[in-house]
file final_19.pdb (PDB, C-alpha atoms)
ATOM      1  CA  MET A   1       3.161 -17.177   0.876
ATOM      2  CA  LEU A   2       1.324 -13.928   1.504
ATOM      3  CA  SER A   3       0.691 -12.818   5.060
ATOM      4  CA  THR A   4      -2.880 -12.934   6.289
ATOM      5  CA  GLU A   5      -4.843  -9.749   6.853
ATOM      6  CA  THR A   6      -4.754 -10.560  10.586
ATOM      7  CA  ASP A   7      -0.934 -10.788  10.488
ATOM      8  CA  ILE A   8      -0.710  -7.438   8.719
ATOM      9  CA  LEU A   9      -3.062  -5.587  11.068
ATOM     10  CA  SER A  10      -1.478  -7.184  14.153
ATOM     11  CA  THR A  11       1.939  -6.101  12.900
ATOM     12  CA  ALA A  12       0.684  -2.519  12.408
ATOM     13  CA  GLU A  13      -0.589  -2.503  15.977
ATOM     14  CA  ALA A  14       2.621  -4.001  17.393
ATOM     15  CA  TRP A  15       4.828  -1.545  15.505
ATOM     16  CA  ARG A  16       2.774   1.413  16.781
ATOM     17  CA  ARG A  17       2.932   0.125  20.361
ATOM     18  CA  ALA A  18       6.705  -0.109  19.944
ATOM     19  CA  GLY A  19       6.773   3.596  19.051
ATOM     20  CA  ARG A  20       7.379   3.196  15.328
ATOM     21  CA  GLY A  21       5.782   5.440  12.739
ATOM     22  CA  VAL A  22       3.334   3.291  10.751
ATOM     23  CA  ALA A  23       1.123   3.613   7.687
ATOM     24  CA  LEU A  24      -1.480   1.225   6.336
ATOM     25  CA  ALA A  25      -2.224   0.890   2.623
ATOM     26  CA  THR A  26      -5.514  -0.670   1.492
ATOM     27  CA  VAL A  27      -6.670  -1.508  -2.049
ATOM     28  CA  ILE A  28      -9.966   0.371  -2.440
ATOM     29  CA  GLU A  29     -10.695  -0.177  -6.133
ATOM     30  CA  THR A  30      -9.563  -2.411  -8.979
ATOM     31  CA  TRP A  31     -10.449  -2.578 -12.651
ATOM     32  CA  GLY A  32      -9.300  -5.135 -15.184
ATOM     33  CA  SER A  33      -6.295  -7.252 -14.324
ATOM     34  CA  ALA A  34      -5.175  -6.615 -10.746
ATOM     35  CA  PRO A  35      -2.977  -8.999  -8.763
ATOM     36  CA  ARG A  36      -4.606  -8.290  -5.360
ATOM     37  CA  PRO A  37      -8.311  -7.822  -4.554
ATOM     38  CA  VAL A  38     -10.058  -4.881  -2.917
ATOM     39  CA  GLY A  39      -9.368  -4.949   0.815
ATOM     40  CA  SER A  40      -5.773  -6.174   0.505
ATOM     41  CA  HIS A  41      -3.378  -4.481   2.946
ATOM     42  CA  LEU A  42       0.254  -3.523   3.256
ATOM     43  CA  VAL A  43       1.748  -2.041   6.425
ATOM     44  CA  VAL A  44       4.949   0.001   6.324
ATOM     45  CA  ASP A  45       7.058   1.725   8.966
ATOM     46  CA  ALA A  46       9.088   4.913   8.729
ATOM     47  CA  ASP A  47      12.225   2.918   7.851
ATOM     48  CA  GLY A  48      10.582   1.177   4.887
ATOM     49  CA  ASN A  49      10.041  -2.189   6.557
ATOM     50  CA  PHE A  50       6.791  -3.679   5.304
ATOM     51  CA  LEU A  51       4.464  -6.640   5.449
ATOM     52  CA  GLY A  52       1.640  -7.554   3.091
ATOM     53  CA  SER A  53       0.877  -6.757  -0.522
ATOM     54  CA  VAL A  54      -1.357  -4.413  -2.493
ATOM     55  CA  SER A  55      -0.182  -5.264  -5.997
ATOM     56  CA  GLY A  56       3.326  -6.463  -6.669
ATOM     57  CA  GLY A  57       6.247  -5.270  -8.700
ATOM     58  CA  CYS A  58       7.110  -1.609  -8.713
ATOM     59  CA  VAL A  59       3.629  -0.601  -7.519
ATOM     60  CA  GLU A  60       4.576  -2.033  -4.140
ATOM     61  CA  GLY A  61       7.664   0.192  -4.022
ATOM     62  CA  ALA A  62       5.640   3.277  -4.917
ATOM     63  CA  VAL A  63       3.050   2.467  -2.232
ATOM     64  CA  ILE A  64       5.796   1.954   0.369
ATOM     65  CA  THR A  65       7.192   5.385  -0.521
ATOM     66  CA  GLU A  66       3.701   6.922  -0.206
ATOM     67  CA  GLY A  67       3.325   5.225   3.178
ATOM     68  CA  MET A  68       6.595   6.666   4.424
ATOM     69  CA  GLU A  69       5.484  10.114   3.229
ATOM     70  CA  ALA A  70       2.117   9.679   4.999
ATOM     71  CA  ILE A  71       3.985   8.871   8.216
ATOM     72  CA  ALA A  72       6.157  11.977   7.778
ATOM     73  CA  ASP A  73       3.350  14.443   6.987
ATOM     74  CA  GLY A  74       0.519  12.789   8.931
ATOM     75  CA  ARG A  75      -1.876  12.954   5.967
ATOM     76  CA  ALA A  76      -3.843  10.191   4.275
ATOM     77  CA  ARG A  77      -3.920   9.993   0.504
ATOM     78  CA  VAL A  78      -5.337   7.981  -2.389
ATOM     79  CA  VAL A  79      -2.873   6.860  -5.047
ATOM     80  CA  ALA A  80      -3.851   5.383  -8.384
ATOM     81  CA  PHE A  81      -1.928   3.230 -10.821
ATOM     82  CA  GLY A  82      -3.158   2.095 -14.193
ATOM     83  CA  VAL A  83      -2.601   1.391 -17.832
ATOM     84  CA  ALA A  84      -3.875   4.829 -18.820
ATOM     85  CA  ASP A  85      -1.103   6.351 -16.764
ATOM     86  CA  GLU A  86       2.175   6.922 -18.617
ATOM     87  CA  THR A  87       4.005   5.180 -15.781
ATOM     88  CA  ALA A  88       1.974   1.961 -16.121
ATOM     89  CA  TRP A  89       4.837  -0.025 -17.618
ATOM     90  CA  ARG A  90       7.320   1.303 -15.116
ATOM     91  CA  VAL A  91       5.211   0.445 -12.028
ATOM     92  CA  GLY A  92       4.103  -2.951 -13.251
ATOM     93  CA  LEU A  93       0.533  -2.602 -14.540
ATOM     94  CA  SER A  94       1.291  -3.147 -18.201
ATOM     95  CA  CYS A  95      -1.256  -5.998 -18.202
ATOM     96  CA  GLY A  96      -4.105  -3.504 -18.450
ATOM     97  CA  GLY A  97      -5.247  -3.205 -14.852
ATOM     98  CA  ARG A  98      -5.944  -0.219 -12.680
ATOM     99  CA  ILE A  99      -5.917   0.059  -8.905
ATOM    100  CA  ARG A 100      -6.529   2.744  -6.304
ATOM    101  CA  VAL A 101      -4.918   2.475  -2.891
ATOM    102  CA  TYR A 102      -5.797   4.392   0.270
ATOM    103  CA  VAL A 103      -2.677   5.115   2.340
ATOM    104  CA  GLU A 104      -3.136   6.367   5.902
ATOM    105  CA  PRO A 105      -0.857   7.005   8.854
ATOM    106  CA  VAL A 106      -1.720   4.845  11.860
ATOM    107  CA  THR A 107      -1.969   6.947  14.991
TER
END
call {"tool": "encode", "arguments": {"input": "final_19.pdb", "output": "structure tokens"}}
result
Amino acid sequence: MLSTETDILSTAEAWRRAGRGVALATVIETWGSAPRPVGSHLVVDADGNFLGSVSGGCVEGAVITEGMEAIADGRARVVAFGVADETAWRVGLSCGGRIRVYVEPVT
């Protein structure tokens, strides 16, 4: 069962209050087949612990890595994954979808 958006955002807040570095990833655009809708969240800490989902498969791993990098450098970023990208099969969007995810450090 997927965590609710409230669970994810509450976890982000709790982790920050506990002094952990935290980033929040949000699906901002989808096209074609996408496993999670716009507005879906994933929270990650500096150690790679996470809660939530923005896609599934290897995309999730790539977004977690981007979140950890956002925590380290303090900069937000938009990452895109899609069938037009040569890595589509590797990151799990071989079904023809495309997504864009906004990843931001939580301060």
call {"tool": "closest_residue", "arguments": {"input": "final_19.pdb", "among": "A:Val79, A:Ala14, A:Leu9, A:Met68", "to": "Asp47 (chain A)", "atoms": "all atoms listed in the file"}}
result
A:Met68
call {"tool": "axis_aligned_box", "arguments": {"input": "final_19.pdb", "around": "region 35-47 of chain A", "padding_each_side": "3 Å", "output": "lines of an AutoDock Vina configuration file"}}
result
center_x = 1.1
center_y = -2.0
center_z = 0.1
size_x = 28.3
size_y = 19.9
size_z = 23.7
call {"tool": "residues_around", "arguments": {"input": "final_19.pdb", "residues": "Thr65 (chain A)", "least_positions_apart": "4", "cutoff": "10 Å", "atoms": "all atoms listed in the file", "output": "VMD selection string"}}
result
chain A and resid 44 46 48 59 to 61 69 to 71
call {"tool": "closest_residue", "arguments": {"input": "final_19.pdb", "among": "A:Gly97, A:Gly21, A:Pro105, A:Gly74", "to": "Asn49 (chain A)", "atoms": "only C-alpha atoms"}}
result
A:Gly21
call {"tool": "closest_residue", "arguments": {"input": "final_19.pdb", "among": "A:Thr107, A:Thr4, A:Ser33, A:Gly57", "to": "Gly82 (chain A)", "atoms": "all atoms listed in the file"}}
result
A:Ser33
call {"tool": "closest_residue", "arguments": {"input": "final_19.pdb", "among": "A:Ala80, A:Val43, A:Cys58, A:Val101", "to": "Val22 (chain A)", "atoms": "only C-alpha atoms"}}
result
A:Val43
call {"tool": "atom_distance", "arguments": {"input": "final_19.pdb", "atom1": "CA of Gly19 (chain A)", "atom2": "CA of Val106 (chain A)"}}
result
11.2 Å
call {"tool": "atom_distance", "arguments": {"input": "final_19.pdb", "atom1": "CA of Ile28 (chain A)", "atom2": "CA of Glu5 (chain A)"}}
result
14.7 Å
call {"tool": "resolve_selection", "arguments": {"input": "final_19.pdb", "expression": "the PyMOL selection byres ((chain A and resi 77) around 9)", "output": "PyMOL selection string"}}
result
chain A and resi 66+70+75-76+78-79+101-104
call {"tool": "resolve_selection", "arguments": {"input": "final_19.pdb", "expression": "the PyMOL selection byres ((chain A and resi 39) around 6)", "output": "PyMOL selection string"}}
result
chain A and resi 26-27+38+40
call {"tool": "atom_distance", "arguments": {"input": "final_19.pdb", "atom1": "CA of Ser55 (chain A)", "atom2": "CA of Thr11 (chain A)"}}
result
19.0 Å
call {"tool": "residues_around", "arguments": {"input": "final_19.pdb", "residues": "Arg36 (chain A)", "least_positions_apart": "6", "cutoff": "10 Å", "atoms": "all atoms listed in the file", "output": "list in words"}}
result
Val27, Thr30, Ser53, Val54, Ser55, Gly56 and Ile99 of chain A
call {"tool": "build_atoms", "arguments": {"input": "final_19.pdb", "residues": "region 27-52 of chain A", "atoms": "N, CA and C atoms", "output": "PDB file, keeping the file's coordinate frame"}}
result
ATOM      1  N   VAL A  27      -6.109  -1.576  -0.695  1.00  0.00           N
ATOM      2  CA  VAL A  27      -6.670  -1.508  -2.049  1.00  0.00           C
ATOM      3  C   VAL A  27      -8.150  -1.161  -1.920  1.00  0.00           C
ATOM      4  N   ILE A  28      -8.563  -0.052  -2.540  1.00  0.00           N
ATOM      5  CA  ILE A  28      -9.966   0.371  -2.440  1.00  0.00           C
ATOM      6  C   ILE A  28     -10.729   0.217  -3.753  1.00  0.00           C
ATOM      7  N   GLU A  29     -10.010   0.002  -4.857  1.00  0.00           N
ATOM      8  CA  GLU A  29     -10.695  -0.177  -6.133  1.00  0.00           C
ATOM      9  C   GLU A  29      -9.763  -0.880  -7.117  1.00  0.00           C
ATOM     10  N   THR A  30     -10.319  -1.783  -7.895  1.00  0.00           N
ATOM     11  CA  THR A  30      -9.563  -2.411  -8.979  1.00  0.00           C
ATOM     12  C   THR A  30     -10.420  -2.403 -10.236  1.00  0.00           C
ATOM     13  N   TRP A  31      -9.773  -2.457 -11.371  1.00  0.00           N
ATOM     14  CA  TRP A  31     -10.449  -2.578 -12.651  1.00  0.00           C
ATOM     15  C   TRP A  31      -9.534  -3.378 -13.565  1.00  0.00           C
ATOM     16  N   GLY A  32     -10.107  -4.317 -14.283  1.00  0.00           N
ATOM     17  CA  GLY A  32      -9.300  -5.135 -15.184  1.00  0.00           C
ATOM     18  C   GLY A  32      -8.413  -6.086 -14.406  1.00  0.00           C
ATOM     19  N   SER A  33      -7.234  -6.319 -14.935  1.00  0.00           N
ATOM     20  CA  SER A  33      -6.295  -7.252 -14.324  1.00  0.00           C
ATOM     21  C   SER A  33      -5.596  -6.588 -13.146  1.00  0.00           C
ATOM     22  N   ALA A  34      -5.826  -7.131 -11.954  1.00  0.00           N
ATOM     23  CA  ALA A  34      -5.175  -6.615 -10.746  1.00  0.00           C
ATOM     24  C   ALA A  34      -4.734  -7.814  -9.909  1.00  0.00           C
ATOM     25  N   PRO A  35      -3.482  -7.831  -9.470  1.00  0.00           N
ATOM     26  CA  PRO A  35      -2.977  -8.999  -8.763  1.00  0.00           C
ATOM     27  C   PRO A  35      -3.560  -9.215  -7.366  1.00  0.00           C
ATOM     28  N   ARG A  36      -4.063  -8.171  -6.718  1.00  0.00           N
ATOM     29  CA  ARG A  36      -4.606  -8.290  -5.360  1.00  0.00           C
ATOM     30  C   ARG A  36      -6.007  -7.697  -5.326  1.00  0.00           C
ATOM     31  N   PRO A  37      -6.930  -8.298  -4.590  1.00  0.00           N
ATOM     32  CA  PRO A  37      -8.311  -7.822  -4.554  1.00  0.00           C
ATOM     33  C   PRO A  37      -8.508  -6.608  -3.652  1.00  0.00           C
ATOM     34  N   VAL A  38      -9.656  -5.959  -3.811  1.00  0.00           N
ATOM     35  CA  VAL A  38     -10.058  -4.881  -2.917  1.00  0.00           C
ATOM     36  C   VAL A  38     -10.000  -5.406  -1.481  1.00  0.00           C
ATOM     37  N   GLY A  39      -9.495  -4.567  -0.583  1.00  0.00           N
ATOM     38  CA  GLY A  39      -9.368  -4.949   0.815  1.00  0.00           C
ATOM     39  C   GLY A  39      -7.996  -5.462   1.194  1.00  0.00           C
ATOM     40  N   SER A  40      -7.133  -5.712   0.213  1.00  0.00           N
ATOM     41  CA  SER A  40      -5.773  -6.174   0.505  1.00  0.00           C
ATOM     42  C   SER A  40      -4.995  -5.057   1.199  1.00  0.00           C
ATOM     43  N   HIS A  41      -4.120  -5.451   2.140  1.00  0.00           N
ATOM     44  CA  HIS A  41      -3.378  -4.481   2.946  1.00  0.00           C
ATOM     45  C   HIS A  41      -1.876  -4.665   2.824  1.00  0.00           C
ATOM     46  N   LEU A  42      -1.189  -3.552   3.081  1.00  0.00           N
ATOM     47  CA  LEU A  42       0.254  -3.523   3.256  1.00  0.00           C
ATOM     48  C   LEU A  42       0.522  -2.549   4.391  1.00  0.00           C
ATOM     49  N   VAL A  43       1.343  -2.938   5.352  1.00  0.00           N
ATOM     50  CA  VAL A  43       1.748  -2.041   6.425  1.00  0.00           C
ATOM     51  C   VAL A  43       3.220  -1.708   6.221  1.00  0.00           C
ATOM     52  N   VAL A  44       3.570  -0.448   6.494  1.00  0.00           N
ATOM     53  CA  VAL A  44       4.949   0.001   6.324  1.00  0.00           C
ATOM     54  C   VAL A  44       5.322   0.876   7.512  1.00  0.00           C
ATOM     55  N   ASP A  45       6.601   0.824   7.911  1.00  0.00           N
ATOM     56  CA  ASP A  45       7.058   1.725   8.966  1.00  0.00           C
ATOM     57  C   ASP A  45       7.918   2.823   8.364  1.00  0.00           C
ATOM     58  N   ALA A  46       8.342   3.749   9.202  1.00  0.00           N
ATOM     59  CA  ALA A  46       9.088   4.913   8.729  1.00  0.00           C
ATOM     60  C   ALA A  46      10.435   4.555   8.117  1.00  0.00           C
ATOM     61  N   ASP A  47      10.947   3.362   8.417  1.00  0.00           N
ATOM     62  CA  ASP A  47      12.225   2.918   7.851  1.00  0.00           C
ATOM     63  C   ASP A  47      12.062   2.126   6.561  1.00  0.00           C
ATOM     64  N   GLY A  48      10.819   1.915   6.120  1.00  0.00           N
ATOM     65  CA  GLY A  48      10.582   1.177   4.887  1.00  0.00           C
ATOM     66  C   GLY A  48      10.394  -0.318   5.075  1.00  0.00           C
ATOM     67  N   ASN A  49      10.375  -0.786   6.305  1.00  0.00           N
ATOM     68  CA  ASN A  49      10.041  -2.189   6.557  1.00  0.00           C
ATOM     69  C   ASN A  49       8.564  -2.367   6.249  1.00  0.00           C
ATOM     70  N   PHE A  50       8.193  -3.490   5.648  1.00  0.00           N
ATOM     71  CA  PHE A  50       6.791  -3.679   5.304  1.00  0.00           C
ATOM     72  C   PHE A  50       6.380  -5.133   5.387  1.00  0.00           C
ATOM     73  N   LEU A  51       5.056  -5.317   5.446  1.00  0.00           N
ATOM     74  CA  LEU A  51       4.464  -6.640   5.449  1.00  0.00           C
ATOM     75  C   LEU A  51       3.151  -6.542   4.692  1.00  0.00           C
ATOM     76  N   GLY A  52       2.876  -7.531   3.855  1.00  0.00           N
ATOM     77  CA  GLY A  52       1.640  -7.554   3.091  1.00  0.00           C
ATOM     78  C   GLY A  52       1.877  -7.201   1.642  1.00  0.00           C
TER      79      GLY A  52
END
